[in-house]
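Containing CSV, C-alpha atoms and all ligand atoms: upload06.csv.
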```
chain,number,residue,atom,x,y,z
A,690,MET,CA,167.3,211.4,22.9
A,691,GLY,CA,167.1,214.1,25.6
A,692,LYS,CA,163.9,215.5,27.1
A,693,TYR,CA,164.2,218.5,24.9
A,694,THR,CA,165.3,216.8,21.7
A,695,GLY,CA,163.7,218.7,18.8
A,696,LYS,CA,162.4,221.5,21.1
A,697,VAL,CA,163.3,225.1,20.3
A,698,ILE,CA,164.3,227.5,23.0
A,699,ALA,CA,164.7,231.2,22.2
A,700,ILE,CA,166.5,233.5,24.6
A,701,THR,CA,167.3,237.2,24.6
A,702,GLY,CA,170.2,238.4,26.7
A,703,ALA,CA,171.7,235.0,26.0
A,704,ALA,CA,175.4,236.0,26.0
A,705,ASN,CA,176.0,236.2,29.7
A,706,GLY,CA,174.7,235.4,33.2
A,707,ILE,CA,171.3,233.7,33.5
A,708,GLY,CA,170.6,233.7,29.7
A,709,ARG,CA,173.9,232.1,29.0
A,710,GLU,CA,173.4,229.3,31.6
A,711,LEU,CA,169.8,228.7,30.3
A,712,ALA,CA,171.4,228.2,26.8
A,713,ILE,CA,174.1,225.8,28.2
A,714,GLN,CA,171.6,223.7,30.2
A,715,TYR,CA,169.0,223.4,27.4
A,716,ALA,CA,171.7,222.5,24.9
A,717,LYS,CA,172.8,219.7,27.2
A,718,LYS,CA,169.2,218.5,27.2
A,719,GLY,CA,169.2,218.3,23.4
A,720,ALA,CA,167.3,221.5,22.5
A,721,LYS,CA,167.8,223.7,19.4
A,722,LEU,CA,168.6,227.3,20.3
A,723,SER,CA,167.8,230.8,19.0
A,724,LEU,CA,170.1,233.1,20.9
A,725,SER,CA,170.3,236.8,20.9
A,726,ASP,CA,172.1,239.6,22.7
A,727,ILE,CA,173.5,243.1,22.2
A,728,ASP,CA,177.0,241.6,22.9
A,729,ALA,CA,178.3,240.0,19.7
A,730,LYS,CA,181.6,238.9,21.2
A,731,ASN,CA,180.2,237.0,24.2
A,732,LEU,CA,177.5,235.5,22.0
A,733,GLU,CA,180.1,234.2,19.6
A,734,SER,CA,182.1,232.6,22.4
A,735,LEU,CA,178.9,230.9,23.7
A,736,VAL,CA,178.1,229.5,20.2
A,737,ALA,CA,181.7,228.1,20.0
A,738,GLU,CA,181.2,226.6,23.5
A,739,LEU,CA,178.0,224.9,22.3
A,740,LYS,CA,179.5,223.3,19.2
A,741,GLY,CA,177.3,220.5,18.0
A,742,THR,CA,174.0,222.3,19.0
A,743,GLU,CA,171.7,223.7,16.3
A,744,ILE,CA,171.8,227.4,16.9
A,745,VAL,CA,170.6,230.5,15.2
A,746,THR,CA,171.8,233.9,16.5
A,747,ALA,CA,171.0,237.6,16.3
A,748,VAL,CA,172.8,240.6,17.7
A,749,PHE,CA,170.6,243.6,18.5
A,750,ASP,CA,169.2,245.8,21.3
A,751,VAL,CA,165.9,244.6,22.6
A,752,GLY,CA,164.8,248.3,22.9
A,753,ASN,CA,164.6,248.3,19.1
A,754,TYR,CA,161.3,246.8,18.0
A,755,GLU,CA,162.2,246.3,14.3
A,756,ASP,CA,165.3,244.3,15.3
A,757,MET,CA,163.2,242.1,17.7
A,758,GLU,CA,160.7,241.5,14.9
A,759,ALA,CA,163.6,240.5,12.6
A,760,TYR,CA,164.9,238.2,15.3
A,761,ALA,CA,161.5,236.5,15.7
A,762,LYS,CA,161.2,236.1,11.9
A,763,LYS,CA,164.7,234.6,11.7
A,764,THR,CA,163.9,232.2,14.4
A,765,TYR,CA,160.7,231.0,12.8
A,766,ASP,CA,162.2,231.0,9.3
A,767,THR,CA,165.0,228.7,10.6
A,768,PHE,CA,163.1,226.4,13.0
A,769,GLY,CA,159.4,227.0,12.2
A,770,THR,CA,158.4,226.9,15.8
A,771,VAL,CA,159.3,228.0,19.3
A,772,ASP,CA,158.6,226.0,22.4
A,773,ILE,CA,159.9,228.3,25.1
A,774,PHE,CA,160.8,232.0,24.7
A,775,TYR,CA,162.8,233.6,27.5
A,776,ASN,CA,162.3,237.4,27.3
A,777,ASN,CA,165.4,237.7,29.5
A,778,ALA,CA,167.6,240.7,28.6
A,779,GLY,CA,167.8,243.3,31.3
A,780,VAL,CA,170.0,246.0,32.9
A,781,ALA,CA,170.3,247.4,36.4
A,782,VAL,CA,170.9,250.9,37.6
A,783,VAL,CA,171.1,252.3,41.1
A,784,GLY,CA,170.7,255.8,42.7
A,785,ASN,CA,168.5,258.2,44.5
A,786,ILE,CA,165.2,258.8,42.8
A,787,TRP,CA,165.3,262.6,42.8
A,788,GLU,CA,169.0,262.7,41.8
A,789,GLN,CA,169.2,260.1,39.1
A,790,SER,CA,169.3,261.2,35.5
A,791,LEU,CA,166.4,260.9,33.1
A,792,LYS,CA,168.9,258.9,30.9
A,793,ASP,CA,168.8,256.2,33.6
A,794,TRP,CA,165.0,256.0,33.3
A,795,LYS,CA,165.0,255.9,29.6
A,796,TRP,CA,167.7,253.3,29.2
A,797,ALA,CA,166.4,250.9,31.9
A,798,PHE,CA,162.8,251.2,30.7
A,799,ASP,CA,163.7,250.8,27.0
A,800,THR,CA,165.5,247.6,28.0
A,801,ASN,CA,163.6,246.1,30.9
A,802,VAL,CA,160.0,247.1,30.0
A,803,MET,CA,159.9,247.9,26.2
A,804,GLY,CA,162.3,245.1,25.5
A,805,VAL,CA,159.8,242.7,27.1
A,806,VAL,CA,156.9,244.4,25.3
A,807,HIS,CA,158.8,244.1,22.0
A,808,GLY,CA,159.4,240.4,22.7
A,809,ILE,CA,155.7,239.8,23.4
A,810,LYS,CA,154.6,241.7,20.2
A,811,SER,CA,157.0,239.8,18.0
A,812,PHE,CA,156.8,236.3,19.4
A,813,VAL,CA,153.3,235.8,20.9
A,814,PRO,CA,151.3,236.2,17.7
A,815,ARG,CA,153.6,233.6,16.1
A,816,MET,CA,153.3,231.4,19.1
A,817,ILE,CA,149.5,231.6,19.1
A,818,GLU,CA,149.5,230.9,15.4
A,819,GLN,CA,151.5,227.6,15.8
A,820,ASP,CA,148.6,226.4,17.9
A,821,LYS,CA,150.5,224.1,20.3
A,822,GLU,CA,151.4,224.2,23.9
A,823,CYS,CA,154.3,226.6,24.4
A,824,ARG,CA,155.7,229.2,26.9
A,825,ILE,CA,156.8,232.8,27.2
A,826,ILE,CA,158.9,233.5,30.3
A,827,ASN,CA,159.3,237.2,30.9
A,828,THR,CA,162.2,238.0,33.2
A,829,ALA,CA,161.3,240.4,35.9
A,830,SER,CA,162.9,240.0,39.4
A,831,VAL,CA,161.9,239.5,43.0
A,832,ALA,CA,162.5,243.3,42.9
A,833,GLY,CA,159.2,243.4,41.0
A,834,LEU,CA,157.3,241.8,43.9
A,835,LEU,CA,158.7,244.0,46.7
A,836,VAL,CA,160.2,247.4,47.2
A,837,SER,CA,163.8,248.2,48.2
A,838,PRO,CA,165.5,251.6,48.5
A,839,ASN,CA,168.6,251.0,46.5
A,840,SER,CA,167.5,251.0,42.9
A,841,PRO,CA,164.2,252.8,42.2
A,842,VAL,CA,164.5,252.8,38.4
A,843,TYR,CA,165.2,249.0,38.3
A,844,VAL,CA,162.6,248.2,40.9
A,845,SER,CA,159.9,250.2,39.0
A,846,SER,CA,160.8,248.6,35.7
A,847,LYS,CA,160.6,245.1,37.2
A,848,HIS,CA,157.2,245.9,38.8
A,849,ALA,CA,156.1,246.9,35.3
A,850,ALA,CA,157.4,243.6,33.9
A,851,VAL,CA,155.6,241.5,36.5
A,852,THR,CA,152.3,243.4,36.0
A,853,LEU,CA,152.3,243.3,32.2
A,854,THR,CA,153.0,239.5,32.4
A,855,GLU,CA,150.1,239.1,34.8
A,856,VAL,CA,147.8,240.8,32.3
A,857,LEU,CA,149.3,238.8,29.4
A,858,ASN,CA,148.5,235.6,31.3
A,859,LEU,CA,144.9,236.6,31.7
A,860,GLN,CA,144.5,237.7,28.1
A,861,LEU,CA,146.1,234.5,26.7
A,862,GLN,CA,143.6,232.5,28.8
A,863,LEU,CA,140.6,234.6,27.7
A,864,ALA,CA,141.8,234.2,24.1
A,865,GLY,CA,141.9,230.4,24.5
A,866,ALA,CA,145.5,230.4,23.4
A,867,LYS,CA,147.9,227.5,24.1
A,868,VAL,CA,150.6,229.9,25.0
A,869,ARG,CA,151.4,230.0,28.8
A,870,ALA,CA,153.0,233.1,30.3
A,871,SER,CA,155.2,233.2,33.4
A,872,ALA,CA,156.9,236.0,35.4
A,873,LEU,CA,160.5,235.0,36.3
A,874,CYS,CA,161.3,236.7,39.6
A,875,PRO,CA,164.8,235.6,40.7
A,876,GLY,CA,166.6,236.8,43.8
A,877,PHE,CA,170.3,237.7,43.5
A,878,VAL,CA,172.1,235.4,41.1
A,879,VAL,CA,175.8,235.5,40.2
A,880,SER,CA,176.1,237.4,36.9
A,881,ASP,CA,177.4,240.7,35.5
A,882,LEU,CA,174.2,242.6,36.2
A,883,HIS,CA,176.0,245.1,38.3
A,884,ASN,CA,178.2,245.9,35.3
A,885,SER,CA,175.2,246.6,33.1
A,886,ASP,CA,176.7,250.0,32.0
A,887,ARG,CA,179.1,248.1,29.7
A,888,HIS,CA,176.3,248.1,27.1
A,889,ARG,CA,174.7,251.5,27.7
A,890,PRO,CA,174.3,253.4,24.5
A,891,GLN,CA,176.6,256.4,24.1
A,892,GLU,CA,173.8,258.9,24.0
A,893,LEU,CA,172.3,257.6,27.3
A,894,GLN,CA,175.5,257.6,29.3
A,895,ASN,CA,175.7,259.8,32.3
A,896,ASP,CA,178.4,262.5,32.3
A,897,PRO,CA,179.9,262.7,35.8
A,898,ASN,CA,181.3,266.2,35.0
A,899,LYS,CA,177.8,267.6,34.2
A,900,ASP,CA,176.0,265.5,36.9
A,901,PRO,CA,178.1,265.3,40.1
A,902,TYR,CA,175.6,262.8,41.7
A,903,TYR,CA,177.4,260.0,39.9
A,904,GLN,CA,180.6,260.9,41.9
A,905,SER,CA,178.8,261.1,45.2
A,906,GLU,CA,179.3,258.8,48.2
A,907,ASP,CA,175.5,258.0,48.0
A,908,TYR,CA,175.8,256.7,44.5
A,909,LYS,CA,179.0,254.8,45.1
A,910,THR,CA,177.5,253.1,48.2
A,911,LYS,CA,174.4,252.1,46.2
A,912,ALA,CA,176.6,250.7,43.4
A,913,GLN,CA,178.7,248.8,45.9
A,914,ILE,CA,175.6,247.3,47.5
A,915,MET,CA,174.4,246.1,44.0
A,916,GLU,CA,177.8,244.6,43.2
A,917,GLN,CA,178.1,242.8,46.5
A,918,SER,CA,174.5,241.5,46.2
A,919,VAL,CA,174.9,240.1,42.7
A,920,THR,CA,178.4,238.7,43.1
A,921,GLY,CA,177.4,237.1,46.4
A,922,GLY,CA,174.2,235.7,44.9
A,923,MET,CA,173.1,232.1,44.2
A,924,ALA,CA,175.3,230.2,41.8
A,925,THR,CA,174.0,230.7,38.2
A,926,ASP,CA,173.8,227.0,37.4
A,927,LYS,CA,171.8,226.3,40.5
A,928,ALA,CA,169.4,229.2,39.8
A,929,VAL,CA,168.8,228.0,36.3
A,930,GLU,CA,168.1,224.4,37.4
A,931,ILE,CA,165.4,225.9,39.6
A,932,ILE,CA,164.0,228.0,36.8
A,933,ILE,CA,163.9,225.2,34.3
A,934,LYS,CA,162.1,222.9,36.8
A,935,ALA,CA,159.6,225.7,37.6
A,936,VAL,CA,158.9,226.2,33.9
A,937,GLU,CA,158.3,222.5,33.5
A,938,ASP,CA,155.9,222.7,36.6
A,939,ASP,CA,154.0,225.5,34.9
A,940,GLU,CA,154.6,228.0,37.8
A,941,PHE,CA,153.4,231.5,37.1
A,942,PHE,CA,155.5,233.5,39.6
A,943,ILE,CA,158.9,231.7,39.3
A,944,MET,CA,161.1,232.4,42.3
A,945,THR,CA,164.6,231.2,43.1
A,946,HIS,CA,164.8,232.6,46.6
A,947,PRO,CA,161.8,231.6,48.9
A,948,GLU,CA,163.4,233.5,51.7
A,949,TYR,CA,162.0,236.8,50.2
A,950,LYS,CA,158.5,235.6,50.7
A,951,PRO,CA,158.1,237.2,54.2
A,952,ILE,CA,159.2,240.6,52.7
A,953,ILE,CA,156.6,240.2,49.9
A,954,GLU,CA,154.0,239.3,52.5
A,955,MET,CA,154.9,242.4,54.5
A,956,ARG,CA,154.4,244.6,51.4
A,957,MET,CA,151.0,242.9,50.7
A,958,LYS,CA,150.0,243.4,54.3
A,959,ASN,CA,151.0,247.1,54.2
A,960,ILE,CA,148.8,247.6,51.1
A,961,LEU,CA,145.8,245.8,52.6
A,962,GLU,CA,146.1,247.5,56.0
A,963,GLN,CA,147.0,250.9,54.4
A,964,ASN,CA,150.2,251.2,56.4
A,965,ARG,CA,153.1,253.4,55.5
A,966,PRO,CA,156.0,251.1,54.6
A,967,SER,CA,159.1,251.5,56.8
A,968,ALA,CA,162.7,251.7,55.4
A,969,ILE,CA,164.1,250.6,58.7
B,1001,LIG,N1,171.5,238.4,38.5
B,1001,LIG,C1,170.5,238.8,39.3
B,1001,LIG,O1,170.7,238.9,40.6
B,1001,LIG,C2,169.1,239.0,38.8
B,1001,LIG,C3,168.1,239.0,39.8
B,1001,LIG,C4,166.8,239.2,39.3
B,1001,LIG,C5,166.5,239.4,38.0
B,1001,LIG,N2,167.6,239.4,37.1
B,1001,LIG,C6,167.3,239.6,35.7
B,1001,LIG,O2,167.8,238.6,34.9
B,1001,LIG,C7,168.0,239.0,33.5
B,1001,LIG,C8,169.4,238.6,33.1
B,1001,LIG,O3,170.4,239.3,33.8
B,1001,LIG,P1,171.7,238.7,34.3
B,1001,LIG,O4,171.7,238.8,35.8
B,1001,LIG,O5,172.1,237.4,33.7
B,1001,LIG,O6,172.8,239.9,33.9
B,1001,LIG,P2,174.0,239.9,32.9
B,1001,LIG,O7,174.4,241.3,32.7
B,1001,LIG,O8,175.0,238.9,33.3
B,1001,LIG,O9,173.3,239.3,31.5
B,1001,LIG,C9,172.4,240.1,30.8
B,1001,LIG,C10,172.6,239.9,29.3
B,1001,LIG,O10,171.6,240.8,28.6
B,1001,LIG,C11,172.3,241.5,27.6
B,1001,LIG,N3,171.7,242.8,27.4
B,1001,LIG,C12,171.7,243.8,28.2
B,1001,LIG,N4,171.1,244.9,27.6
B,1001,LIG,C13,170.6,244.4,26.4
B,1001,LIG,C14,169.8,244.9,25.4
B,1001,LIG,N5,169.4,246.2,25.4
B,1001,LIG,N6,169.5,244.2,24.3
B,1001,LIG,C15,170.0,242.9,24.2
B,1001,LIG,N7,170.7,242.3,25.2
B,1001,LIG,C16,171.0,243.0,26.3
B,1001,LIG,C17,173.8,241.6,28.1
B,1001,LIG,O11,174.7,241.8,27.1
B,1001,LIG,C18,174.0,240.3,28.9
B,1001,LIG,O12,174.5,239.3,28.0
B,1001,LIG,C19,167.8,240.5,33.6
B,1001,LIG,O13,166.5,240.9,33.1
B,1001,LIG,C20,167.9,240.9,35.1
B,1001,LIG,O14,167.3,242.1,35.4
B,1001,LIG,C21,168.9,239.2,37.5
```

As structure tokens, please, write out the structure in this file.
Ligand SMILES: NC(=O)c1ccc[n+]([C@@H]2O[C@H](COP(=O)([O-])OP(=O)(O)OC[C@H]3O[C@@H](n4cnc5c(N)ncnc54)[C@H](O)[C@@H]3O)[C@@H](O)[C@H]2O)c1
Amino acid sequence: MGKYTGKVIAITGAANGIGRELAIQYAKKGAKLSLSDIDAKNLESLVAELKGTEIVTAVFDVGNYEDMEAYAKKTYDTFGTVDIFYNNAGVAVVGNIWEQSLKDWKWAFDTNVMGVVHGIKSFVPRMIEQDKECRIINTASVAGLLVSPNSPVYVSSKHAAVTLTEVLNLQLQLAGAKVRASALCPGFVVSDLHNSDRHRPQELQNDPNKDPYYQSEDYKTKAQIMEQSVTGGMATDKAVEIIIKAVEDDEFFIMTHPEYKPIIEMRMKNILEQNRPSAI
């Protein structure tokens, strides 16, 4: 009997990166899994890898509320309960704020913000209803606690994810619910986040012929910085070990990289002292 035997873990964005590693580590600990992703092929290969684990799957875009609702219903119809829900799916985009397309904003906010909102709307009422201690972990990023100049759309979406999770936490407490919310704020972790465009819907893809910014040196440099940061990040298994332990310890702001704390502190200080933040 593992620590998680009989427990149910639901994960969006489970087919790759952090979500995939969460699935692997919880499976090893004996949990049952409800795994979803937009990427059917990678999800299928994960299920094959986790042979022997009780798993239910769903393939959909978290930006679609009806599909999230169907996923929550399928999870509860199968297992009757959820112990931890990782609202994890997300995408990254880079660029200069006055040159990026509105398609970048729509796609990243549909996924990183509305995807999290859809997860809350579909899972939290069911989690409150089951009336037992359980957890919702909304994946933001350390980018949601500080400000960096490389990826304004991503940073803004992750600030939204942190803030809505802070309010969710307060409202769950005021409601006397047994659901505990946390904001997962990792630093750079090895994954395919820098290749997020692989799942961008056709209608939201940038056209470099119509929008030359996406051929510019500025854009290419920013994309390269993102790639180097993600591929040079913390090993995925190590990051997920930290995350699972932090969830067990009931941390609210879950961080994998304490070295970012002085930068977060500097932002807080700038706010309180009404200083203009410096890019240099
Ligand atoms: N890797 C990092 O350095 C890092 C740092 C901070 C936060 N995060 C966050 O962690 C989460 C997981 O990202 P990752 O780093 O594992 O990246 P990843 O690209 O390796 O994995 C993301 C998964 O989400 C899925 N996905 C993407 N858009 C989707 C959608 N619209 N609907 C359903 N599934 C979708 C992808 O198919 C993929 O399987 C994201 O929210 C990301 O912003 C990552």

Determine the nearest neighbour of A:Ile953 from the options A:Ser846, A:Ala699, A:Leu835, A:Asp938, counting all atoms listed in the file.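 Looking at the shortest contact to A:Ile953, the residue is A:Leu835.
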
Quick one: residues within 6 Å of ligand LIG 1001 (chain B), with only C-alpha atoms and all ligand atoms, as a ChimeraX atom specification? /A:702-708,726-728,749-752,777-780,800,828-830,875-882,885,919

Could you please take those selected residues and save C-alpha atoms as a short mmCIF file (atom, residue, chain, number, x, y, z; two decimals), in the coordinates of the input?
```
data_model
loop_
_atom_site.label_atom_id
_atom_site.label_comp_id
_atom_site.auth_asym_id
_atom_site.auth_seq_id
_atom_site.Cartn_x
_atom_site.Cartn_y
_atom_site.Cartn_z
CA GLY A 702 170.20 238.40 26.70
CA ALA A 703 171.70 235.00 26.00
CA ALA A 704 175.40 236.00 26.00
CA ASN A 705 176.00 236.20 29.70
CA GLY A 706 174.70 235.40 33.20
CA ILE A 707 171.30 233.70 33.50
CA GLY A 708 170.60 233.70 29.70
CA ASP A 726 172.10 239.60 22.70
CA ILE A 727 173.50 243.10 22.20
CA ASP A 728 177.00 241.60 22.90
CA PHE A 749 170.60 243.60 18.50
CA ASP A 750 169.20 245.80 21.30
CA VAL A 751 165.90 244.60 22.60
CA GLY A 752 164.80 248.30 22.90
CA ASN A 777 165.40 237.70 29.50
CA ALA A 778 167.60 240.70 28.60
CA GLY A 779 167.80 243.30 31.30
CA VAL A 780 170.00 246.00 32.90
CA THR A 800 165.50 247.60 28.00
CA THR A 828 162.20 238.00 33.20
CA ALA A 829 161.30 240.40 35.90
CA SER A 830 162.90 240.00 39.40
CA PRO A 875 164.80 235.60 40.70
CA GLY A 876 166.60 236.80 43.80
CA PHE A 877 170.30 237.70 43.50
CA VAL A 878 172.10 235.40 41.10
CA VAL A 879 175.80 235.50 40.20
CA SER A 880 176.10 237.40 36.90
CA ASP A 881 177.40 240.70 35.50
CA LEU A 882 174.20 242.60 36.20
CA SER A 885 175.20 246.60 33.10
CA VAL A 919 174.90 240.10 42.70
#
```

Excluding stretch 810-814 of chain A and its own-chain neighbours fewer than 4 positions away, which residues fall within 7 Å of it when counting all atoms listed in the file? Please give them as a VMD selection string. chain A and resid 757 to 758 761 806 818

Atom CA of A:Asn884 sits from atom CA of A:Val782 at a separation of 9.1 Å

Who sits within 9 Å of A:Tyr760, only C-alpha atoms, same chain under 2 positions skipped, as a PyMOL selection string: chain A and resi 723+725+746-749+755-758+762-765+811

Atomic distance atom CA of A:Ser845 - atom CA of A:Val802, expressed in Å with one decimal: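 Taking atom CA of A:Ser845 and atom CA of A:Val802, their separation equals 9.5 Å.
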
Have a look at A:Glu710, A:Arg965, A:Ser790, A:Pro841 and name the one nearest to A:Leu893; count only C-alpha atoms.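 Smallest distance to A:Leu893 is found for A:Ser790.
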
Give the answer as one residue: which of A:Lys899, A:Asp939, A:Glu930, A:Val831 has the shortest atom-to-atom distance to A:Lys718, using only C-alpha atoms?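 Using only C-alpha atoms, the shortest distance to A:Lys718 belongs to A:Glu930.
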
Ranking A:Pro901, A:Gly833, A:Gly691, A:Gly719 by minimum distance to A:Cys874 and counting all atoms listed in the file, which one comes first? A:Gly833

For A:Ala968, please output as number ranges by chain all residues within 12 Å (counting only C-alpha atoms; exclusion window: fewer than 6 positions along the same chain). A: 836-839, 952, 956

Nearby residues (all atoms listed in the file) at most 9 Å from A:Val697, same-chain spacing under 5 positions excluded, as number ranges by chain: A: 720-723, 768, 770-774

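Remark: for A:Tyr843, the closest of the candidate residues A:Pro947, A:Gly784, A:Gly741, A:Pro897 is A:Gly784 (distances computed over all atoms listed in the file).
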
Rank A:Ala872, A:Leu711, A:Ile825, A:Ile700 by their smallest atom-to-atom distance to A:Glu940, using only C-alpha atoms, and report the top residue only.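 For A:Glu940, the nearest of the given residues is A:Ala872.
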
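Here atom CA of A:Phe941 stands at a distance of 10.3 Å from atom CA of A:Asn827.
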
If I put a ball of radius 10 Å at (177.9, 259.5, 43.2) in the file's coordinates, which residues poke into it when counting all atoms listed in the file, written as a ChimeraX atom specification? /A:784-785,788-789,897,900-912
